[in-house]
$ cat input-v1.cif   # mmCIF, C-alpha atoms and all ligand atoms
data_my_file
loop_
_atom_site.label_atom_id
_atom_site.label_comp_id
_atom_site.auth_asym_id
_atom_site.auth_seq_id
_atom_site.Cartn_x
_atom_site.Cartn_y
_atom_site.Cartn_z
CA MET W 1378 -45.62 168.65 -70.17
CA ASP W 1379 -48.49 167.77 -67.86
CA GLU W 1380 -46.65 164.68 -66.71
CA PHE W 1381 -44.02 166.58 -64.66
CA PRO W 1382 -45.40 170.09 -64.00
CA LEU W 1383 -42.48 172.29 -62.93
CA TYR W 1384 -40.45 169.09 -62.52
CA GLY W 1385 -42.64 167.68 -59.79
CA LEU W 1386 -45.38 165.13 -59.42
CA SER W 1387 -48.76 165.93 -60.97
CA GLU W 1388 -51.73 166.25 -58.61
CA GLU W 1389 -52.94 162.90 -59.87
CA HIS W 1390 -49.65 161.23 -58.99
CA GLN W 1391 -49.62 162.87 -55.56
CA ALA W 1392 -53.15 161.59 -54.96
CA ILE W 1393 -52.06 158.06 -55.87
CA ARG W 1394 -49.18 158.29 -53.39
CA GLU W 1395 -51.54 159.43 -50.63
CA ALA W 1396 -54.06 156.70 -51.41
CA VAL W 1397 -51.42 153.93 -51.35
CA ARG W 1398 -49.88 155.33 -48.18
CA ALA W 1399 -53.25 155.19 -46.43
CA VAL W 1400 -53.71 151.54 -47.41
CA CYS W 1401 -50.15 150.73 -46.29
CA ASP W 1402 -50.44 152.51 -42.94
CA ALA W 1403 -53.63 150.59 -42.15
CA LYS W 1404 -53.13 147.19 -43.75
CA VAL W 1405 -49.48 146.61 -44.67
CA ALA W 1406 -47.17 148.14 -42.06
CA PRO W 1407 -48.90 146.55 -39.02
CA PHE W 1408 -48.07 143.05 -40.33
CA ALA W 1409 -44.56 143.65 -41.75
CA SER W 1410 -42.70 142.42 -38.68
CA ASP W 1411 -44.86 139.29 -38.30
CA VAL W 1412 -44.51 138.47 -41.99
CA ASP W 1413 -40.72 138.65 -41.64
CA GLU W 1414 -40.54 136.83 -38.30
CA PHE W 1415 -42.58 133.86 -39.53
CA ALA W 1416 -41.50 134.02 -43.18
CA ARG W 1417 -45.17 133.96 -44.15
CA TYR W 1418 -46.95 135.31 -47.21
CA PRO W 1419 -48.32 138.84 -46.58
CA ARG W 1420 -51.94 137.78 -47.02
CA GLU W 1421 -53.35 140.93 -45.37
CA ALA W 1422 -51.33 143.14 -47.72
CA ALA W 1423 -52.27 141.02 -50.75
CA ASP W 1424 -55.98 141.32 -49.91
CA ALA W 1425 -55.74 145.05 -49.19
CA LEU W 1426 -53.79 145.79 -52.37
CA ARG W 1427 -56.24 143.74 -54.40
CA ALA W 1428 -59.24 145.51 -52.82
CA ALA W 1429 -57.75 148.92 -53.65
CA ASP W 1430 -56.71 147.82 -57.18
CA PHE W 1431 -53.00 148.30 -56.37
CA HIS W 1432 -52.04 144.62 -56.82
CA ALA W 1433 -51.17 145.01 -60.52
CA PRO W 1434 -51.73 148.70 -61.21
CA HIS W 1435 -49.84 148.70 -64.52
CA VAL W 1436 -52.48 146.63 -66.38
CA PRO W 1437 -54.08 148.93 -68.99
CA GLU W 1438 -57.73 149.89 -68.61
CA ALA W 1439 -58.44 148.19 -71.94
CA TYR W 1440 -57.78 144.85 -70.20
CA GLY W 1441 -59.69 145.69 -67.05
CA GLY W 1442 -56.73 147.13 -65.10
CA ALA W 1443 -56.19 150.38 -63.20
CA GLY W 1444 -54.14 151.74 -66.12
CA ALA W 1445 -51.42 153.27 -63.95
CA ASP W 1446 -48.54 154.72 -65.96
CA ALA W 1447 -44.94 153.71 -65.18
CA LEU W 1448 -44.47 156.55 -62.69
CA ALA W 1449 -47.72 155.81 -60.85
CA THR W 1450 -46.76 152.12 -60.70
CA CYS W 1451 -43.41 153.15 -59.16
CA LEU W 1452 -45.21 155.28 -56.58
CA VAL W 1453 -47.35 152.29 -55.58
CA ILE W 1454 -44.29 150.03 -55.25
CA GLU W 1455 -42.27 152.69 -53.40
CA GLU W 1456 -45.01 153.29 -50.84
CA VAL W 1457 -45.62 149.60 -50.22
CA ALA W 1458 -41.85 148.98 -49.86
CA ARG W 1459 -41.61 151.82 -47.35
CA ALA W 1460 -43.90 149.72 -45.14
CA CYS W 1461 -42.98 146.16 -46.15
CA VAL W 1462 -40.61 145.13 -48.93
CA SER W 1463 -42.04 141.59 -49.13
CA SER W 1464 -45.48 143.05 -49.88
CA SER W 1465 -44.09 145.41 -52.53
CA LEU W 1466 -43.13 142.34 -54.54
CA ILE W 1467 -46.83 141.77 -55.24
CA PRO W 1468 -47.28 144.77 -57.60
CA ALA W 1469 -43.63 144.58 -58.73
CA VAL W 1470 -43.60 140.91 -59.75
CA ASN W 1471 -47.09 141.08 -61.23
CA LYS W 1472 -45.64 143.69 -63.59
CA LEU W 1473 -42.45 141.71 -64.24
CA GLY W 1474 -44.32 138.48 -64.96
CA SER W 1475 -47.00 139.97 -67.20
CA LEU W 1476 -45.04 142.67 -69.05
CA PRO W 1477 -43.79 140.20 -71.71
CA VAL W 1478 -47.46 139.53 -72.56
CA GLN W 1479 -48.23 143.25 -72.57
CA ILE W 1480 -45.18 144.05 -74.73
CA ALA W 1481 -45.32 141.23 -77.25
CA GLY W 1482 -48.34 138.99 -76.67
CA SER W 1483 -51.19 138.46 -79.12
CA GLU W 1484 -54.42 140.32 -78.47
CA GLU W 1485 -55.94 137.01 -77.37
CA LEU W 1486 -53.17 136.43 -74.78
CA LYS W 1487 -53.44 140.00 -73.50
CA LYS W 1488 -57.20 139.85 -73.08
CA HIS W 1489 -57.10 136.51 -71.33
CA TYR W 1490 -54.09 136.83 -69.02
CA LEU W 1491 -53.91 140.57 -68.33
CA GLY W 1492 -57.66 140.44 -67.73
CA ARG W 1493 -57.36 137.63 -65.21
CA LEU W 1494 -54.43 139.33 -63.47
CA ALA W 1495 -56.32 142.61 -63.20
CA ALA W 1496 -59.41 140.81 -61.90
CA GLY W 1497 -57.35 139.30 -59.07
CA GLU W 1498 -57.72 135.74 -60.37
CA GLY W 1499 -54.00 135.09 -59.96
CA GLY W 1500 -50.54 136.63 -59.79
CA PHE W 1501 -47.89 136.50 -62.52
CA SER W 1502 -44.30 135.32 -62.01
CA TYR W 1503 -41.27 135.58 -64.30
CA CYS W 1504 -39.14 132.53 -65.03
CA LEU W 1505 -35.83 133.51 -66.60
CA SER W 1506 -33.08 132.39 -64.17
CA GLU W 1507 -31.88 128.81 -63.77
CA PRO W 1508 -29.38 127.07 -61.49
CA ASP W 1509 -26.58 127.71 -64.03
CA ALA W 1510 -28.00 130.76 -65.79
CA GLY W 1511 -28.11 133.86 -63.58
CA SER W 1512 -26.18 136.87 -64.91
CA ASP W 1513 -25.56 134.80 -68.04
CA ALA W 1514 -29.27 134.49 -68.77
CA GLY W 1515 -28.60 133.27 -72.32
CA ALA W 1516 -27.01 130.08 -70.91
CA MET W 1517 -30.42 128.66 -69.95
CA LYS W 1518 -31.13 124.98 -70.59
CA THR W 1519 -34.93 124.85 -70.32
CA ARG W 1520 -36.11 123.47 -73.63
CA ALA W 1521 -39.34 123.96 -75.55
CA SER W 1522 -39.94 121.65 -78.49
CA PHE W 1523 -42.78 121.91 -80.97
CA GLU W 1524 -45.12 119.08 -81.83
CA PRO W 1525 -47.27 119.80 -84.88
CA GLY W 1526 -50.91 118.76 -84.71
CA GLY W 1527 -54.46 120.00 -84.66
CA ASP W 1528 -55.25 123.49 -83.34
CA GLY W 1529 -51.86 124.89 -84.34
CA GLY W 1530 -49.70 122.35 -82.49
CA THR W 1531 -48.30 121.95 -78.99
CA TRP W 1532 -45.16 123.20 -77.20
CA ILE W 1533 -43.56 120.78 -74.74
CA LEU W 1534 -41.47 122.40 -71.99
CA ASN W 1535 -38.80 120.72 -69.87
CA GLY W 1536 -36.40 122.31 -67.40
CA VAL W 1537 -35.78 123.92 -64.01
CA LYS W 1538 -36.20 127.62 -63.22
CA ARG W 1539 -34.64 129.00 -60.03
CA TRP W 1540 -35.14 132.05 -57.76
CA ILE W 1541 -38.71 132.50 -58.91
CA THR W 1542 -40.41 135.15 -56.82
CA ASN W 1543 -43.95 134.29 -55.66
CA ALA W 1544 -43.64 130.81 -57.20
CA GLU W 1545 -46.56 128.54 -56.32
CA GLU W 1546 -48.45 131.60 -55.03
CA SER W 1547 -48.84 132.84 -58.64
CA GLU W 1548 -51.27 131.24 -61.07
CA PHE W 1549 -49.44 132.43 -64.21
CA TYR W 1550 -45.79 132.25 -65.31
CA THR W 1551 -43.85 133.75 -68.19
CA VAL W 1552 -41.27 131.08 -69.00
CA LEU W 1553 -38.22 131.62 -71.20
CA ALA W 1554 -37.01 128.49 -72.98
CA ILE W 1555 -34.60 127.43 -75.72
CA THR W 1556 -36.35 126.73 -79.02
CA ASP W 1557 -33.18 126.69 -81.15
CA PRO W 1558 -30.04 125.52 -79.32
CA GLU W 1559 -27.76 126.80 -82.13
CA LYS W 1560 -28.96 130.39 -81.89
CA LYS W 1561 -29.50 130.68 -78.10
CA ALA W 1562 -29.82 134.39 -77.05
CA ARG W 1563 -29.73 135.52 -80.68
CA GLY W 1564 -33.04 134.16 -81.91
CA GLY W 1565 -33.05 130.77 -80.19
CA ILE W 1566 -35.03 131.61 -77.04
CA SER W 1567 -38.82 131.98 -76.89
CA ALA W 1568 -41.29 133.12 -74.23
CA PHE W 1569 -44.42 131.24 -73.15
CA VAL W 1570 -47.27 131.56 -70.68
CA VAL W 1571 -47.46 128.55 -68.36
CA GLU W 1572 -50.18 128.07 -65.76
CA LYS W 1573 -49.72 126.61 -62.30
CA SER W 1574 -52.50 124.13 -63.13
CA ASP W 1575 -50.75 122.81 -66.28
CA GLU W 1576 -49.85 119.15 -65.89
CA GLY W 1577 -46.12 118.71 -65.21
CA VAL W 1578 -45.66 122.00 -63.30
CA SER W 1579 -44.37 121.64 -59.73
CA PHE W 1580 -42.42 123.67 -57.19
CA GLY W 1581 -39.38 123.32 -54.92
CA ALA W 1582 -39.26 124.08 -51.21
CA PRO W 1583 -39.19 127.79 -50.28
CA GLU W 1584 -35.64 129.20 -50.13
CA LYS W 1585 -34.50 130.23 -46.65
CA LYS W 1586 -33.48 133.81 -47.31
CA LEU W 1587 -31.74 136.71 -45.54
CA GLY W 1588 -34.63 139.08 -46.25
CA ILE W 1589 -37.90 139.53 -48.19
CA LYS W 1590 -38.98 136.51 -46.17
CA GLY W 1591 -42.68 137.08 -46.84
CA SER W 1592 -42.22 136.68 -50.56
CA PRO W 1593 -41.87 133.00 -51.43
CA THR W 1594 -38.91 132.13 -53.66
CA ARG W 1595 -38.92 128.61 -55.10
CA GLU W 1596 -37.71 126.55 -58.00
CA VAL W 1597 -40.23 125.84 -60.74
CA TYR W 1598 -40.03 122.41 -62.37
CA LEU W 1599 -41.33 121.85 -65.88
CA ASP W 1600 -41.71 118.17 -66.65
CA ASN W 1601 -43.13 117.56 -70.13
CA VAL W 1602 -45.51 120.49 -69.75
CA ARG W 1603 -47.71 120.56 -72.85
CA ILE W 1604 -49.21 123.92 -73.78
CA PRO W 1605 -51.10 125.11 -76.87
CA ALA W 1606 -49.24 127.08 -79.54
CA SER W 1607 -51.37 130.13 -78.67
CA ARG W 1608 -49.36 130.48 -75.41
CA LEU W 1609 -46.22 131.51 -77.30
CA ILE W 1610 -45.54 135.19 -76.48
CA GLY W 1611 -44.60 137.09 -79.65
CA GLU W 1612 -42.78 135.19 -82.36
CA GLU W 1613 -40.61 132.13 -81.92
CA GLY W 1614 -37.02 133.28 -81.22
CA GLU W 1615 -37.99 136.71 -79.85
CA GLY W 1616 -37.90 135.56 -76.23
CA PHE W 1617 -34.51 136.88 -75.13
CA ALA W 1618 -35.15 140.31 -76.59
CA ILE W 1619 -38.60 140.37 -74.92
CA ALA W 1620 -37.03 139.32 -71.60
CA MET W 1621 -34.37 142.05 -71.80
CA GLN W 1622 -36.88 144.69 -72.86
CA THR W 1623 -39.07 143.69 -69.92
CA LEU W 1624 -36.14 144.12 -67.52
CA ASP W 1625 -35.41 147.58 -68.96
CA HIS W 1626 -38.84 148.63 -67.66
CA THR W 1627 -38.99 146.63 -64.45
CA ARG W 1628 -35.52 147.58 -63.21
CA VAL W 1629 -37.15 150.97 -62.67
CA THR W 1630 -39.65 149.31 -60.33
CA ILE W 1631 -36.80 147.76 -58.31
CA ALA W 1632 -35.31 151.24 -58.03
CA ALA W 1633 -38.70 152.37 -56.64
CA GLN W 1634 -38.67 149.50 -54.16
CA ALA W 1635 -35.16 150.50 -53.06
CA VAL W 1636 -36.21 154.15 -52.61
CA GLY W 1637 -39.18 152.98 -50.56
CA VAL W 1638 -37.22 150.85 -48.10
CA ALA W 1639 -34.55 153.55 -47.78
CA GLN W 1640 -37.25 156.14 -46.99
CA GLY W 1641 -38.82 153.80 -44.44
CA ALA W 1642 -35.47 153.41 -42.67
CA LEU W 1643 -34.75 157.14 -42.80
CA ASP W 1644 -38.19 157.97 -41.35
CA TYR W 1645 -37.58 155.59 -38.47
CA ALA W 1646 -34.04 156.86 -37.83
CA LEU W 1647 -35.25 160.49 -37.75
CA SER W 1648 -38.00 159.84 -35.23
CA TYR W 1649 -35.68 157.72 -33.08
CA ALA W 1650 -32.93 160.37 -33.10
CA LYS W 1651 -35.39 162.97 -31.79
CA GLU W 1652 -36.54 160.70 -28.96
CA ARG W 1653 -33.33 159.00 -27.84
CA GLN W 1654 -31.57 160.87 -25.04
CA GLN W 1655 -27.83 160.58 -24.35
CA PHE W 1656 -25.49 162.99 -22.52
CA GLY W 1657 -28.60 164.87 -21.41
CA LYS W 1658 -30.06 165.67 -24.81
CA ALA W 1659 -31.66 164.09 -27.89
CA ILE W 1660 -29.01 162.46 -30.06
CA ALA W 1661 -30.49 164.43 -33.02
CA GLU W 1662 -28.82 167.49 -31.50
CA PHE W 1663 -25.33 166.10 -32.10
CA GLN W 1664 -23.82 167.41 -35.29
CA GLY W 1665 -22.03 164.12 -36.00
CA LEU W 1666 -25.39 162.41 -36.20
CA GLN W 1667 -26.95 165.29 -38.13
CA PHE W 1668 -24.31 164.87 -40.85
CA LEU W 1669 -25.17 161.18 -41.13
CA LEU W 1670 -28.91 161.93 -41.35
CA ALA W 1671 -28.29 164.67 -43.92
CA ASP W 1672 -26.33 162.29 -46.17
CA MET W 1673 -29.10 159.71 -45.85
CA GLY W 1674 -31.78 162.21 -46.85
CA MET W 1675 -29.69 163.61 -49.70
CA LYS W 1676 -29.03 160.18 -51.19
CA VAL W 1677 -32.63 158.96 -50.87
CA GLU W 1678 -33.80 162.06 -52.71
CA ALA W 1679 -31.19 161.67 -55.46
CA ALA W 1680 -32.24 158.04 -55.92
CA ARG W 1681 -35.89 159.06 -56.03
CA GLN W 1682 -35.33 161.73 -58.70
CA MET W 1683 -33.35 159.28 -60.82
CA THR W 1684 -36.07 156.66 -60.43
CA TYR W 1685 -38.85 159.03 -61.47
CA ALA W 1686 -36.78 160.23 -64.43
CA ALA W 1687 -36.32 156.59 -65.46
CA ALA W 1688 -40.06 155.97 -64.98
CA GLY W 1689 -40.82 158.79 -67.42
CA ARG W 1690 -38.54 157.09 -69.96
CA SER W 1691 -40.23 153.76 -69.30
CA GLU W 1692 -43.66 155.27 -69.91
CA ARG W 1693 -42.57 156.98 -73.14
CA GLY W 1694 -40.41 154.07 -74.29
CA ASP W 1695 -37.42 156.38 -74.84
CA ALA W 1696 -34.30 155.08 -76.54
CA ASP W 1697 -32.19 155.68 -73.43
CA LEU W 1698 -34.45 153.61 -71.14
CA THR W 1699 -31.92 150.74 -71.09
CA PHE W 1700 -29.32 153.08 -69.60
CA PHE W 1701 -31.74 154.80 -67.23
CA GLY W 1702 -33.34 151.57 -65.99
CA ALA W 1703 -29.95 150.09 -65.16
CA ALA W 1704 -28.64 153.34 -63.66
CA ALA W 1705 -31.70 153.93 -61.46
CA LYS W 1706 -31.77 150.34 -60.21
CA CYS W 1707 -28.03 150.29 -59.50
CA PHE W 1708 -27.89 153.70 -57.81
CA ALA W 1709 -31.09 153.36 -55.79
CA SER W 1710 -30.25 149.88 -54.53
CA ASP W 1711 -26.76 150.96 -53.44
CA VAL W 1712 -28.38 153.90 -51.65
CA ALA W 1713 -30.93 151.58 -50.02
CA MET W 1714 -28.17 149.35 -48.66
CA GLU W 1715 -26.19 152.31 -47.32
CA VAL W 1716 -29.16 154.15 -45.82
CA THR W 1717 -30.68 151.11 -44.14
CA THR W 1718 -27.27 150.14 -42.72
CA ASN W 1719 -26.84 153.67 -41.37
CA ALA W 1720 -30.35 153.58 -39.90
CA VAL W 1721 -29.24 150.54 -37.87
CA GLN W 1722 -26.20 152.60 -36.81
CA VAL W 1723 -28.41 155.50 -35.64
CA LEU W 1724 -30.34 153.10 -33.40
CA GLY W 1725 -27.13 151.52 -32.08
CA GLY W 1726 -27.65 148.29 -30.15
CA TYR W 1727 -31.43 148.64 -30.46
CA GLY W 1728 -31.13 148.80 -34.23
CA TYR W 1729 -29.41 145.43 -34.21
CA THR W 1730 -32.41 143.73 -32.60
CA ARG W 1731 -35.68 142.53 -34.07
CA GLU W 1732 -37.57 144.76 -31.63
CA TYR W 1733 -37.03 147.56 -34.16
CA PRO W 1734 -37.77 147.48 -37.91
CA VAL W 1735 -34.49 148.82 -39.29
CA GLU W 1736 -32.57 145.52 -39.23
CA ARG W 1737 -35.39 143.98 -41.31
CA MET W 1738 -35.15 146.88 -43.73
CA MET W 1739 -31.38 146.39 -43.99
CA ARG W 1740 -31.81 142.67 -44.72
CA ASP W 1741 -34.60 143.40 -47.21
CA ALA W 1742 -32.59 146.12 -48.97
CA LYS W 1743 -29.76 143.73 -49.84
CA ILE W 1744 -31.76 141.85 -52.49
CA THR W 1745 -32.28 145.04 -54.51
CA GLN W 1746 -28.54 145.00 -55.33
CA ILE W 1747 -28.89 141.43 -56.60
CA TYR W 1748 -32.16 140.64 -58.38
CA GLU W 1749 -33.32 141.74 -61.82
CA GLY W 1750 -29.61 141.74 -62.64
CA THR W 1751 -26.79 142.25 -60.16
CA ASN W 1752 -25.38 145.75 -59.90
CA GLN W 1753 -22.31 144.43 -61.72
CA VAL W 1754 -24.59 143.47 -64.66
CA GLN W 1755 -26.20 146.93 -64.48
CA ARG W 1756 -22.77 148.49 -64.89
CA ILE W 1757 -22.11 146.28 -67.93
CA VAL W 1758 -25.45 147.39 -69.40
CA MET W 1759 -24.72 151.08 -68.69
CA ALA W 1760 -21.20 150.95 -70.11
CA ARG W 1761 -22.44 149.27 -73.31
CA GLN W 1762 -25.07 151.98 -73.75
CA LEU W 1763 -22.60 154.79 -73.13
CA LEU W 1764 -20.03 153.31 -75.50
CA ALA W 1765 -22.72 152.81 -78.14
CA GLY W 1766 -23.54 156.50 -77.85
CA VAL W 1767 -27.06 156.06 -76.44
CA GLN W 1768 -27.27 158.89 -73.94
CA SER W 1769 -29.81 161.21 -72.46
CA GLU W 1770 -30.52 164.32 -74.50
CA LEU W 1771 -31.50 166.21 -71.35
N1 LIG N 1801 -33.70 145.22 -75.32
C1 LIG N 1801 -34.02 144.45 -76.38
N2 LIG N 1801 -33.21 143.46 -76.82
C2 LIG N 1801 -32.06 143.23 -76.16
C3 LIG N 1801 -31.68 144.00 -75.06
C4 LIG N 1801 -32.54 145.03 -74.64
N3 LIG N 1801 -32.25 145.80 -73.58
N4 LIG N 1801 -30.49 143.56 -74.61
C5 LIG N 1801 -30.15 142.54 -75.42
N5 LIG N 1801 -31.11 142.33 -76.35
C6 LIG N 1801 -31.14 141.30 -77.40
C7 LIG N 1801 -30.39 141.77 -78.59
O1 LIG N 1801 -31.21 141.52 -79.72
C8 LIG N 1801 -29.15 140.90 -78.64
O2 LIG N 1801 -28.86 140.43 -79.87
P1 LIG N 1801 -27.99 141.35 -80.91
O3 LIG N 1801 -26.74 141.73 -80.18
O4 LIG N 1801 -27.78 140.42 -82.04
O5 LIG N 1801 -28.87 142.51 -81.23
C9 LIG N 1801 -29.49 139.67 -77.79
O6 LIG N 1801 -30.54 140.10 -76.93
C10 LIG N 1801 -28.31 139.21 -76.95
O7 LIG N 1801 -27.86 140.33 -76.19
P2 LIG N 1801 -26.40 140.42 -75.56
O8 LIG N 1801 -25.37 140.08 -76.59
O9 LIG N 1801 -26.30 141.74 -74.87
O10 LIG N 1801 -26.47 139.21 -74.52
P3 LIG N 1801 -25.43 138.72 -73.45
O11 LIG N 1801 -25.48 137.27 -73.41
O12 LIG N 1801 -24.11 139.43 -73.63
O13 LIG N 1801 -26.10 139.23 -72.06
C11 LIG N 1801 -26.54 140.72 -70.22
C12 LIG N 1801 -26.19 140.54 -71.70
C13 LIG N 1801 -25.43 140.22 -69.31
C14 LIG N 1801 -26.71 142.21 -70.04
C15 LIG N 1801 -27.89 140.01 -69.95
O14 LIG N 1801 -27.73 138.60 -70.02
C16 LIG N 1801 -28.47 140.34 -68.61
O15 LIG N 1801 -29.16 141.34 -68.46
N6 LIG N 1801 -28.20 139.49 -67.61
C17 LIG N 1801 -28.82 139.61 -66.30
C18 LIG N 1801 -30.12 138.89 -66.33
C19 LIG N 1801 -30.96 139.28 -65.18
O16 LIG N 1801 -31.30 140.44 -65.00
N7 LIG N 1801 -31.33 138.27 -64.41
C20 LIG N 1801 -32.21 138.45 -63.32
C21 LIG N 1801 -33.42 137.65 -63.63
S1 LIG N 1801 -34.89 138.42 -63.26
S2 LIG N 1801 -35.00 138.31 -61.31
#
$ encode --input "input-v1.cif" --output "structure tokens"
Amino acid sequence: MDEFPLYGLSEEHQAIREAVRAVCDAKVAPFASDVDEFARYPREAADALRAADFHAPHVPEAYGGAGADALATCLVIEEVARACVSSSLIPAVNKLGSLPVQIAGSEELKKHYLGRLAAGEGGFSYCLSEPDAGSDAGAMKTRASFEPGGDGGTWILNGVKRWITNAEESEFYTVLAITDPEKKARGGISAFVVEKSDEGVSFGAPEKKLGIKGSPTREVYLDNVRIPASRLIGEEGEGFAIAMQTLDHTRVTIAAQAVGVAQGALDYALSYAKERQQFGKAIAEFQGLQFLLADMGMKVEAARQMTYAAAGRSERGDADLTFFGAAAKCFASDVAMEVTTNAVQVLGGYGYTREYPVERMMRDAKITQIYEGTNQVQRIVMARQLLAGVQSEL
């Protein structure tokens, strides 16, 4: 009951929002345009988030982390995305990459890797997708074969992972690989922790993207990478289920990112509309524009409420999280695309130039409809849940 007093944020959650916003106003927003313009890593944001312990807030206190719950983690990501979407991928992808360890890893793996992540010794990326395995994640070809021997044996990984956010920047990688080609997604895929420093790990050139230009996206090459058996996450064959369970939780964080960028664009459009004079008055006084702004505000708020509701389910591990994670991500990202596009419209010709931030926000928003499962995949996930009778009891 304390979590959502009178269906609002607790004082603790509000305080977290204010604290992140202060960091973002001072150390993230001022660099957002430069980061985009030069497609450079948001080093200032990374340092500031690390200093304030917002770089991987989800890591439990038991492993040296800030111990933020799912809603607090969403608030961090939302606020960072409001200032700079590229920077918001730091806390978001650190959660995505490390959640498999947190969900299914041995105590030894958790202590070692969650501890190092929390301490700022390296970021964590997630390697599921491949050149020919995007929506059809089960079609992956990366192979892990086992070689028995002293100390429990060795896993040898070979393959190519594509679209890996923060690749090369991160020290740690959760890698999904085939361990039984007959079974594939049904018991034939396993999850492993790979380190950047492992022999045989290398990276492709950064992708030249439409948006989130400050967040490096590269291929990850695994060429006879030999890792100890202790780096297997969970049991052999559990990898696909762990990967899907992870996405159930982290799709909520993408929804938060989408809400953040939409709010950033709305804030800018509102202040511009009050300043910009045409026909002798501020354009905010025209009802046609007011209707547009009202729709933007209404949709951002609906997306936010859905995201927070999904975050509550993520924190509690409710049975309908799969539906809510997909629904929040799909709805919020569609709203982000619409609201950022309309923010460009409010600014007219100015909005179409790089002198103003809304075109960056529009380009950044687009990815939220694509990654962590396209919105078409989200609709497949939702429909399956509905047809299976897994629905909210609210
Ligand atoms: N939680 C736990 N386990 C799950 C799960 C979930 N949400 N969803 C699936 N699984 C497990 C199940 O155990 C299932 O086996 P059973 O049906 O025998 O129980 C197994 O995984 C295979 O699931 P499914 O049959 O649904 O797999 P499909 O190949 O049909 O794929 C989709 C389903 C398309 C939904 C899935 O591949 C997907 O989410 N694709 C998008 C991937 C993605 O988000 N990529 C972005 C990469 S991260 S940037």
$ closest_atom_pairs --input "input-v1.cif" --of "chain W" --to "ligand LIG 1801 (chain N)" --cutoff "7 Å" --atoms "only C-alpha atoms and all ligand atoms" --output "tab-separated table"
residue	atom	partner	partner_atom	distance
W:Leu1505	CA	N:LIG1801	C21	5.6
W:Ser1506	CA	N:LIG1801	C21	5.3
W:Gly1511	CA	N:LIG1801	N7	5.5
W:Ser1512	CA	N:LIG1801	C17	4.1
W:Asp1513	CA	N:LIG1801	O14	4.8
W:Ala1514	CA	N:LIG1801	O14	4.6
W:Gly1515	CA	N:LIG1801	O11	5.2
W:Ala1562	CA	N:LIG1801	C10	5.1
W:Arg1563	CA	N:LIG1801	O2	5.1
W:Phe1617	CA	N:LIG1801	O6	5.4
W:Ala1618	CA	N:LIG1801	N2	3.7
W:Ile1619	CA	N:LIG1801	C1	6.3
W:Met1621	CA	N:LIG1801	C4	4.5
W:Gln1622	CA	N:LIG1801	N1	4.1
W:Leu1624	CA	N:LIG1801	O16	6.6
W:Asp1625	CA	N:LIG1801	N3	5.9
W:Thr1699	CA	N:LIG1801	N3	5.5
W:Tyr1748	CA	N:LIG1801	S2	4.7
W:Glu1749	CA	N:LIG1801	C20	3.8
W:Gly1750	CA	N:LIG1801	O16	3.2
W:Thr1751	CA	N:LIG1801	O16	6.9
W:Val1754	CA	N:LIG1801	C13	5.7
W:Ile1757	CA	N:LIG1801	C14	6.5
W:Val1758	CA	N:LIG1801	C14	5.4
$ write_last_selection --input "input-v1.cif" --atoms "C-alpha atoms" --output "short mmCIF file (atom, residue, chain, number, x, y, z; two decimals), in the coordinates of the input"
data_model
loop_
_atom_site.label_atom_id
_atom_site.label_comp_id
_atom_site.auth_asym_id
_atom_site.auth_seq_id
_atom_site.Cartn_x
_atom_site.Cartn_y
_atom_site.Cartn_z
CA LEU W 1505 -35.83 133.51 -66.60
CA SER W 1506 -33.08 132.39 -64.17
CA GLY W 1511 -28.11 133.86 -63.58
CA SER W 1512 -26.18 136.87 -64.91
CA ASP W 1513 -25.56 134.80 -68.04
CA ALA W 1514 -29.27 134.49 -68.77
CA GLY W 1515 -28.60 133.27 -72.32
CA ALA W 1562 -29.82 134.39 -77.05
CA ARG W 1563 -29.73 135.52 -80.68
CA PHE W 1617 -34.51 136.88 -75.13
CA ALA W 1618 -35.15 140.31 -76.59
CA ILE W 1619 -38.60 140.37 -74.92
CA MET W 1621 -34.37 142.05 -71.80
CA GLN W 1622 -36.88 144.69 -72.86
CA LEU W 1624 -36.14 144.12 -67.52
CA ASP W 1625 -35.41 147.58 -68.96
CA THR W 1699 -31.92 150.74 -71.09
CA TYR W 1748 -32.16 140.64 -58.38
CA GLU W 1749 -33.32 141.74 -61.82
CA GLY W 1750 -29.61 141.74 -62.64
CA THR W 1751 -26.79 142.25 -60.16
CA VAL W 1754 -24.59 143.47 -64.66
CA ILE W 1757 -22.11 146.28 -67.93
CA VAL W 1758 -25.45 147.39 -69.40
#
$ closest_residue --input "input-v1.cif" --among "W:Ala1606, W:Ala1443, W:Val1716, W:Leu1764" --to "Ser1483 in chain W" --atoms "all atoms listed in the file"
W:Ala1606
$ atom_distance --input "input-v1.cif" --atom1 "CA of Tyr1645 in chain W" --atom2 "CA of Glu1662 in chain W"
16.3 Å
$ atom_distance --input "input-v1.cif" --atom1 "CA of Ala1720 in chain W" --atom2 "CA of Phe1708 in chain W"
18.1 Å
$ closest_residue --input "input-v1.cif" --among "W:Glu1438, W:Glu1596, W:Glu1615, W:Glu1395" --to "Asn1543 in chain W" --atoms "all atoms listed in the file"
W:Glu1596
$ residues_near_point --input "input-v1.cif" --point "(-35.0, 157.7, -58.3)" --cutoff "12 Å" --atoms "all atoms listed in the file" --output "PyMOL selection string"
chain W and resi 1448+1451-1452+1455+1628-1637+1639-1640+1675-1689+1701-1713
$ closest_residue --input "input-v1.cif" --among "W:Val1462, W:Ala1445, W:Ile1541, W:Leu1724" --to "Ala1650 in chain W" --atoms "all atoms listed in the file"
W:Leu1724
$ residues_around --input "input-v1.cif" --residues "range 1568-1571 of chain W" --least-positions-apart "4" --cutoff "8 Å" --atoms "all atoms listed in the file" --output "JSON, numbers by chain"
{"W": [1477, 1549, 1550, 1551, 1552, 1553, 1554, 1575, 1604, 1608, 1609, 1610, 1611, 1613, 1615, 1616, 1617, 1619, 1620]}
